[in-house]
file coords.txt (compact mmCIF, C-alpha atoms (C1' of nucleotides))
# COMPACT_ATOMS: atom_id res chain seq x y z
CA MET A 1 10.32 16.48 -5.16
CA THR A 2 7.56 14.22 -4.01
CA ASN A 3 8.44 11.26 -1.85
CA ALA A 4 7.96 8.04 -3.77
CA GLY A 5 7.13 6.25 -0.55
CA GLN A 6 4.16 8.50 0.01
CA VAL A 7 2.87 7.80 -3.48
CA LEU A 8 3.29 4.06 -3.04
CA ASP A 9 1.45 4.21 0.27
CA ALA A 10 -1.34 6.06 -1.48
CA LEU A 11 -1.54 3.51 -4.28
CA GLY A 12 -1.31 0.63 -1.83
CA ASP A 13 -5.06 0.61 -1.33
CA ARG A 14 -7.53 -0.97 -3.70
CA THR A 15 -10.34 1.52 -3.20
CA ARG A 16 -7.95 4.42 -3.60
CA ARG A 17 -6.72 3.00 -6.87
CA ALA A 18 -10.32 2.80 -8.04
CA VAL A 19 -10.84 6.45 -7.15
CA PHE A 20 -7.67 7.38 -8.95
CA ALA A 21 -8.73 5.43 -12.02
CA ARG A 22 -12.08 7.18 -12.06
CA VAL A 23 -10.47 10.58 -11.90
CA GLN A 24 -8.33 9.66 -14.83
CA ARG A 25 -11.29 8.38 -16.81
CA GLY A 26 -12.70 11.87 -16.71
CA ALA A 27 -14.75 11.95 -13.54
CA ARG A 28 -14.74 15.42 -12.10
CA SER A 29 -16.79 16.14 -9.02
CA VAL A 30 -16.70 14.08 -5.85
CA GLN A 31 -20.26 12.98 -6.45
CA GLU A 32 -19.48 11.71 -9.91
CA ILE A 33 -16.51 9.82 -8.57
CA ALA A 34 -18.50 8.29 -5.74
CA ASP A 35 -21.45 7.32 -7.94
CA GLY A 36 -21.38 3.62 -8.69
CA MET A 37 -18.76 2.90 -6.08
CA ASP A 38 -19.50 0.76 -3.06
CA VAL A 39 -18.24 3.32 -0.59
CA SER A 40 -19.80 6.53 0.66
CA ARG A 41 -18.97 10.00 -0.57
CA PRO A 42 -17.05 11.05 2.56
CA ALA A 43 -14.86 7.98 2.10
CA VAL A 44 -14.07 9.10 -1.42
CA SER A 45 -13.34 12.56 -0.10
CA GLN A 46 -10.81 11.17 2.35
CA HIS A 47 -9.16 9.11 -0.36
CA LEU A 48 -8.90 12.17 -2.55
CA LYS A 49 -7.18 13.95 0.30
CA VAL A 50 -4.51 11.27 0.44
CA LEU A 51 -4.13 11.22 -3.33
CA LYS A 52 -3.75 14.96 -3.34
CA ALA A 53 -1.08 14.86 -0.63
CA ALA A 54 0.82 12.35 -2.75
CA ARG A 55 0.46 14.70 -5.71
CA LEU A 56 -1.49 12.17 -7.72
CA VAL A 57 -4.44 14.51 -8.23
CA THR A 58 -5.11 18.23 -8.22
CA ASP A 59 -8.30 19.96 -7.20
CA ARG A 60 -9.96 23.16 -8.27
CA ALA A 61 -13.08 24.86 -6.97
CA GLU A 62 -15.91 25.66 -9.35
CA GLY A 63 -18.89 27.04 -7.52
CA THR A 64 -19.80 24.65 -4.74
CA ARG A 65 -18.31 21.82 -6.71
CA ARG A 66 -14.74 20.72 -6.49
CA LEU A 67 -13.22 19.32 -9.64
CA TYR A 68 -10.42 16.79 -9.50
CA ALA A 69 -7.90 15.98 -12.19
CA VAL A 70 -4.83 13.77 -12.49
CA ASP A 71 -1.50 15.25 -11.49
CA PRO A 72 1.46 13.71 -13.34
CA THR A 73 3.87 14.64 -10.55
CA GLY A 74 3.14 11.68 -8.31
CA ILE A 75 3.25 9.21 -11.16
CA ALA A 76 6.59 10.61 -12.24
CA ALA A 77 7.95 10.10 -8.73
CA VAL A 78 7.13 6.39 -8.64
CA ARG A 79 8.29 6.04 -12.17
CA ASP A 80 11.72 7.39 -11.33
CA TRP A 81 11.84 5.28 -8.19
CA LEU A 82 10.99 2.18 -10.16
CA ASP A 83 13.45 2.90 -12.92
CA GLY A 84 16.22 2.94 -10.35
CA PHE A 85 15.28 -0.56 -9.30
CA TRP A 86 14.64 -1.62 -12.81
CA ASP A 87 18.15 -1.14 -14.14
CA GLU A 88 19.90 -2.66 -11.15
CA ALA A 89 17.40 -5.45 -11.01
CA LEU A 90 18.07 -6.44 -14.57
CA VAL A 91 21.81 -6.46 -13.98
CA ALA A 92 21.45 -8.51 -10.82
CA PHE A 93 19.04 -10.86 -12.52
CA LYS A 94 21.34 -11.42 -15.46
CA ALA A 95 24.27 -12.04 -13.15
CA ALA A 96 22.26 -14.55 -11.17
CA ALA A 97 21.16 -16.28 -14.34
CA GLU A 98 24.76 -16.44 -15.48
CA GLN A 99 25.86 -17.93 -12.22
CA GLU A 100 23.10 -20.47 -12.47
CA ALA A 101 24.22 -21.41 -15.96
CA VAL A 102 27.78 -21.88 -14.72
CA LYS A 103 26.62 -24.17 -11.96
CA GLU A 104 24.52 -26.05 -14.44
CA ARG A 105 27.54 -26.66 -16.64
CA LYS A 106 29.60 -27.79 -13.70
CA ARG A 107 27.00 -30.35 -12.83
CA ARG A 108 27.41 -32.31 -16.02
CA MET B 1 0.95 -11.92 -16.04
CA THR B 2 1.25 -10.55 -12.57
CA ASN B 3 -1.45 -8.32 -11.23
CA ALA B 4 -0.21 -4.76 -10.79
CA GLY B 5 -2.56 -4.30 -7.88
CA GLN B 6 -0.89 -7.08 -5.96
CA VAL B 7 2.52 -5.51 -6.52
CA LEU B 8 1.29 -2.10 -5.41
CA ASP B 9 -0.22 -3.63 -2.30
CA ALA B 10 3.12 -5.26 -1.60
CA LEU B 11 5.02 -2.00 -2.06
CA GLY B 12 2.46 -0.10 -0.04
CA ASP B 13 4.25 -0.87 3.19
CA ARG B 14 7.32 0.94 4.46
CA THR B 15 8.99 -2.04 6.11
CA ARG B 16 8.41 -4.18 3.05
CA ARG B 17 10.03 -1.57 0.85
CA ALA B 18 13.03 -1.63 3.17
CA VAL B 19 13.24 -5.40 2.84
CA PHE B 20 12.97 -5.14 -0.90
CA ALA B 21 15.70 -2.51 -1.01
CA ARG B 22 17.99 -4.70 1.05
CA VAL B 23 17.51 -7.63 -1.27
CA GLN B 24 18.40 -5.45 -4.17
CA ARG B 25 21.51 -4.13 -2.43
CA GLY B 26 22.82 -7.65 -2.38
CA ALA B 27 21.54 -9.13 0.85
CA ARG B 28 20.97 -12.81 0.44
CA SER B 29 19.85 -14.87 3.40
CA VAL B 30 16.95 -13.95 5.64
CA GLN B 31 19.34 -13.35 8.51
CA GLU B 32 21.39 -10.89 6.50
CA ILE B 33 18.26 -9.06 5.48
CA ALA B 34 16.95 -8.90 9.02
CA ASP B 35 20.25 -7.79 10.54
CA GLY B 36 20.18 -4.10 11.32
CA MET B 37 16.46 -3.84 10.84
CA ASP B 38 14.12 -2.96 13.68
CA VAL B 39 11.87 -5.94 13.12
CA SER B 40 12.33 -9.60 13.96
CA ARG B 41 13.41 -12.27 11.52
CA PRO B 42 9.98 -13.92 11.26
CA ALA B 43 8.57 -10.55 10.29
CA VAL B 44 11.08 -10.31 7.48
CA SER B 45 10.18 -13.82 6.46
CA GLN B 46 6.53 -12.87 6.17
CA HIS B 47 7.34 -9.80 4.14
CA LEU B 48 9.44 -11.89 1.80
CA LYS B 49 6.47 -14.18 1.34
CA VAL B 50 4.34 -11.27 0.17
CA LEU B 51 7.09 -9.94 -2.06
CA LYS B 52 7.50 -13.35 -3.58
CA ALA B 53 3.78 -13.67 -4.26
CA ALA B 54 3.93 -10.31 -6.04
CA ARG B 55 6.86 -11.61 -8.05
CA LEU B 56 9.17 -8.93 -6.73
CA VAL B 57 11.70 -11.46 -5.42
CA THR B 58 12.69 -15.03 -6.10
CA ASP B 59 14.03 -17.54 -3.62
CA ARG B 60 16.37 -20.44 -3.92
CA ALA B 61 17.45 -22.99 -1.35
CA GLU B 62 21.12 -23.47 -0.58
CA GLY B 63 21.63 -25.89 2.25
CA THR B 64 19.61 -24.73 5.21
CA ARG B 65 19.84 -21.18 3.95
CA ARG B 66 17.39 -19.58 1.60
CA LEU B 67 18.75 -17.01 -0.78
CA TYR B 68 16.58 -14.22 -2.11
CA ALA B 69 17.11 -12.15 -5.23
CA VAL B 70 15.20 -9.46 -7.07
CA ASP B 71 12.68 -10.56 -9.67
CA PRO B 72 12.13 -8.00 -12.45
CA THR B 73 8.66 -9.38 -13.22
CA GLY B 74 6.83 -7.48 -10.51
CA ILE B 75 8.60 -4.23 -11.26
CA ALA B 76 7.71 -4.61 -14.91
CA ALA B 77 4.06 -5.05 -14.01
CA VAL B 78 3.84 -1.77 -12.09
CA ARG B 79 5.90 -0.11 -14.73
CA ASP B 80 3.42 -1.04 -17.44
CA TRP B 81 0.52 -0.09 -15.23
CA LEU B 82 2.06 3.29 -14.56
CA ASP B 83 2.89 3.92 -18.18
CA GLY B 84 -0.76 3.53 -19.04
CA PHE B 85 -1.63 6.26 -16.61
CA TRP B 86 1.35 8.29 -17.62
CA ASP B 87 0.36 8.80 -21.23
CA GLU B 88 -3.29 9.50 -20.56
CA ALA B 89 -2.39 11.67 -17.62
CA LEU B 90 -0.21 13.86 -19.75
CA VAL B 91 -2.92 14.23 -22.36
CA ALA B 92 -5.53 15.05 -19.76
CA PHE B 93 -3.18 17.43 -18.04
CA LYS B 94 -2.43 19.25 -21.26
CA ALA B 95 -6.09 19.46 -22.13
CA ALA B 96 -6.88 20.87 -18.72
CA ALA B 97 -4.12 23.40 -19.04
CA GLU B 98 -5.43 24.40 -22.44
CA GLN B 99 -8.92 24.84 -21.08
CA GLU B 100 -7.51 26.93 -18.30
CA ALA B 101 -5.72 29.13 -20.79
CA VAL B 102 -8.93 29.61 -22.76
CA LYS B 103 -10.79 30.65 -19.66
CA GLU B 104 -7.97 32.97 -18.81
CA ARG B 105 -8.26 34.68 -22.16
CA LYS B 106 -12.01 35.00 -21.82
CA ARG B 107 -11.58 36.72 -18.53
CA ARG B 108 -9.77 39.74 -19.97
C1' DG C 1 22.19 -40.51 16.85
C1' DG C 2 22.72 -35.97 18.84
C1' DC C 3 23.21 -31.18 18.03
C1' DC C 4 23.03 -26.74 15.99
C1' DA C 5 21.95 -23.29 12.52
C1' DG C 6 18.68 -21.39 9.42
C1' DC C 7 13.65 -20.55 8.09
C1' DG C 8 8.92 -21.03 7.60
C1' DT C 9 4.54 -21.17 10.13
C1' DT C 10 1.05 -20.62 13.68
C1' DA C 11 -1.44 -18.25 17.25
C1' DG C 12 -2.39 -14.25 19.37
C1' DT C 13 -1.96 -9.24 20.23
C1' DC C 14 -1.87 -4.54 19.02
C1' DA C 15 -1.94 -0.65 16.07
C1' DT C 16 -3.12 1.30 11.86
C1' DC C 17 -6.51 2.72 8.79
C1' DA C 18 -10.65 2.54 5.97
C1' DC C 19 -15.43 3.39 6.52
C1' DT C 20 -19.95 5.41 8.15
C1' DT C 21 -22.83 8.74 10.44
C1' DA C 22 -23.53 13.22 11.70
C1' DC C 23 -22.36 17.90 11.43
C1' DC C 24 -20.80 22.38 9.57
C1' DG C 25 -19.34 25.73 6.08
C1' DT C 26 -20.05 27.67 1.47
C1' DA C 27 -21.92 28.98 -3.00
C1' DA C 28 -25.83 29.53 -6.08
C1' DG C 29 -30.90 29.94 -6.93
C1' DT C 30 -35.50 31.59 -5.50
C1' DA D 1 -33.29 35.37 4.11
C1' DC D 2 -34.42 30.56 3.04
C1' DT D 3 -33.35 26.56 0.76
C1' DT D 4 -30.75 23.29 -1.70
C1' DA D 5 -26.64 21.13 -3.58
C1' DC D 6 -21.92 20.07 -2.78
C1' DG D 7 -18.14 18.70 -0.13
C1' DG D 8 -14.75 18.74 3.72
C1' DT D 9 -14.22 17.29 8.68
C1' DA D 10 -14.82 15.02 13.36
C1' DA D 11 -15.86 11.14 16.06
C1' DG D 12 -16.45 6.50 16.62
C1' DT D 13 -16.29 1.72 15.05
C1' DG D 14 -14.69 -2.34 12.73
C1' DA D 15 -11.54 -4.84 10.08
C1' DT D 16 -7.27 -5.47 8.02
C1' DG D 17 -2.58 -6.47 8.70
C1' DA D 18 2.01 -6.01 10.84
C1' DC D 19 4.49 -7.77 14.62
C1' DT D 20 6.29 -11.00 18.35
C1' DA D 21 6.86 -15.36 20.76
C1' DA D 22 6.82 -20.17 20.42
C1' DC D 23 7.04 -24.24 17.76
C1' DG D 24 8.38 -27.54 14.11
C1' DC D 25 10.98 -28.92 10.13
C1' DT D 26 15.16 -29.64 7.34
C1' DG D 27 20.08 -29.88 6.18
C1' DG D 28 24.82 -30.13 7.59
C1' DC D 29 28.39 -31.29 11.15
C1' DC D 30 30.38 -33.90 15.13
call {"tool": "encode", "arguments": {"input": "coords.txt", "output": "structure tokens"}}
result
Amino acid sequence: MTNAGQVLDALGDRTRRAVFARVQRGARSVQEIADGMDVSRPAVSQHLKVLKAARLVTDRAEGTRRLYAVDPTGIAAVRDWLDGFWDEALVAFKAAAEQEAVKERKRR
Amino acid sequence: MTNAGQVLDALGDRTRRAVFARVQRGARSVQEIADGMDVSRPAVSQHLKVLKAARLVTDRAEGTRRLYAVDPTGIAAVRDWLDGFWDEALVAFKAAAEQEAVKERKRR
DNA sequence: GGCCAGCGTTAGTCATCACTTACCGTAAGT
DNA sequence: ACTTACGGTAAGTGATGACTAACGCTGGCC
């Protein structure tokens, strides 16, 4: 199981999110990903390393090129993590809203 | 609509995630949240500010105390953002797997 | 009014990390 | 073997941001 914290740390950077989005849009090689971005290719390479460690992307060698693709594993990890918060958050939120409504009634 | 990037930036810090988790577990005042943590109270206060801006928590004054609660809005934002990736990621992943299988067959 | 508790804010410091430049290894073409 | 394209890595720098200490403000209590 991948640590959700690691994935969130990976997604907690704007540039890295842009790289991730480009991979998902179909970009393959590191060059293609870096083209049009305002950072250098080595920077992209380092970001890909982090994304890979978080299991957000997978890589595969093809000749001298290295092709990157999206890995659902990391996304699933955050998704599960979020869902845990989601349910409890809704319950807590509803309870708080109820309590607010009670106080509101008392005020009149 | 809350920006998903802002929420991810907020969750991209370990300490901030701890603060968020404590709020969800029922901690209310800033003191209660800070108690037992290895950072000072002002630090917690600053983290709460970021979490609030990302609409992950809400605050409400009660006397001199300030009570914090979880706000589902921010979580929903990341959730939607993730779901977008989720669907396309699965499709892309399946396609890639298919292509791999084809290549595998060709190899024999 | 005086006092205390609870928080937010500011200023300043320190560490983390994103980025670039340069370098090295590797695979394919000639 | 030479060259070229591609990409990971190391070293060094700069900027972002997390943290603490000190201060100020507000609300409740005596």
call {"tool": "interface_residues", "arguments": {"input": "coords.txt", "of": "chain A", "to": "chain C", "cutoff": "9 Å", "atoms": "all atoms listed in the file", "output": "number ranges by chain"}}
result
A: 39-40, 42-43, 63-65
call {"tool": "closest_atom_pairs", "arguments": {"input": "coords.txt", "of": "chain B", "to": "chain A", "cutoff": "6 Å", "atoms": "all atoms listed in the file", "output": "CSV"}}
result
residue,atom,partner,partner_atom,distance
B:Leu8,CA,A:Gly12,CA,5.2
B:Asp9,CA,A:Gly12,CA,4.4
B:Gly12,CA,A:Gly12,CA,4.2
call {"tool": "atom_distance", "arguments": {"input": "coords.txt", "atom1": "CA of Ala61 (chain A)", "atom2": "CA of Ser29 (chain A)"}}
result
9.7 Å
call {"tool": "interface_residues", "arguments": {"input": "coords.txt", "of": "chain D", "to": "chain B", "cutoff": "7 Å", "atoms": "only C-alpha atoms (C1' of nucleotides)", "output": "PyMOL selection string"}}
result
chain D and resi 19+26-27
call {"tool": "atom_distance", "arguments": {"input": "coords.txt", "atom1": "CA of Val44 (chain A)", "atom2": "CA of Val19 (chain A)"}}
result
7.1 Å
call {"tool": "atom_distance", "arguments": {"input": "coords.txt", "atom1": "CA of Trp81 (chain B)", "atom2": "CA of Ala4 (chain B)"}}
result
6.5 Å
call {"tool": "closest_residue", "arguments": {"input": "coords.txt", "among": "A:Val57, A:Glu32, A:Arg22, A:Asp38", "to": "DC6 (chain D)", "atoms": "only C-alpha atoms (C1' of nucleotides)"}}
result
A:Glu32
call {"tool": "build_atoms", "arguments": {"input": "coords.txt", "residues": "region 39-61 of chain A", "atoms": "N, CA and C atoms", "output": "compact mmCIF listing (two decimals), in the coordinates of the input"}}
result
# COMPACT_ATOMS: atom_id res chain seq x y z
N VAL A 39 -18.56 2.60 -1.82
CA VAL A 39 -18.24 3.32 -0.59
C VAL A 39 -18.96 4.68 -0.61
N SER A 40 -19.07 5.27 0.55
CA SER A 40 -19.80 6.53 0.66
C SER A 40 -18.98 7.70 0.11
N ARG A 41 -19.64 8.82 -0.04
CA ARG A 41 -18.97 10.00 -0.57
C ARG A 41 -17.88 10.53 0.36
N PRO A 42 -18.13 10.61 1.67
CA PRO A 42 -17.05 11.05 2.56
C PRO A 42 -15.80 10.17 2.45
N ALA A 43 -16.00 8.88 2.26
CA ALA A 43 -14.86 7.98 2.10
C ALA A 43 -14.04 8.39 0.88
N VAL A 44 -14.75 8.66 -0.20
CA VAL A 44 -14.07 9.10 -1.42
C VAL A 44 -13.32 10.40 -1.16
N SER A 45 -13.95 11.27 -0.42
CA SER A 45 -13.34 12.56 -0.10
C SER A 45 -12.02 12.37 0.65
N GLN A 46 -12.03 11.43 1.57
CA GLN A 46 -10.81 11.17 2.35
C GLN A 46 -9.72 10.56 1.46
N HIS A 47 -10.14 9.70 0.57
CA HIS A 47 -9.16 9.11 -0.36
C HIS A 47 -8.55 10.18 -1.25
N LEU A 48 -9.39 11.09 -1.69
CA LEU A 48 -8.90 12.17 -2.55
C LEU A 48 -7.89 13.04 -1.80
N LYS A 49 -8.11 13.18 -0.51
CA LYS A 49 -7.18 13.95 0.30
C LYS A 49 -5.79 13.32 0.30
N VAL A 50 -5.78 12.00 0.45
CA VAL A 50 -4.51 11.27 0.44
C VAL A 50 -3.85 11.36 -0.93
N LEU A 51 -4.65 11.16 -1.96
CA LEU A 51 -4.13 11.22 -3.33
C LEU A 51 -3.56 12.59 -3.63
N LYS A 52 -4.21 13.60 -3.11
CA LYS A 52 -3.75 14.96 -3.34
C LYS A 52 -2.43 15.21 -2.63
N ALA A 53 -2.32 14.70 -1.40
CA ALA A 53 -1.08 14.86 -0.63
C ALA A 53 0.08 14.17 -1.33
N ALA A 54 -0.22 13.09 -2.03
CA ALA A 54 0.82 12.35 -2.75
C ALA A 54 1.06 12.95 -4.14
N ARG A 55 0.35 14.02 -4.42
CA ARG A 55 0.46 14.70 -5.71
C ARG A 55 0.08 13.80 -6.88
N LEU A 56 -0.96 13.00 -6.65
CA LEU A 56 -1.49 12.17 -7.72
C LEU A 56 -2.68 12.84 -8.38
N VAL A 57 -3.32 13.76 -7.67
CA VAL A 57 -4.44 14.51 -8.23
C VAL A 57 -4.32 15.98 -7.81
N THR A 58 -5.00 16.81 -8.57
CA THR A 58 -5.11 18.23 -8.22
C THR A 58 -6.59 18.57 -8.12
N ASP A 59 -6.90 19.57 -7.32
CA ASP A 59 -8.30 19.96 -7.20
C ASP A 59 -8.45 21.45 -7.48
N ARG A 60 -9.67 21.79 -7.87
CA ARG A 60 -9.96 23.16 -8.27
C ARG A 60 -11.42 23.42 -7.97
N ALA A 61 -11.69 24.55 -7.34
CA ALA A 61 -13.08 24.86 -6.97
C ALA A 61 -13.80 25.48 -8.15
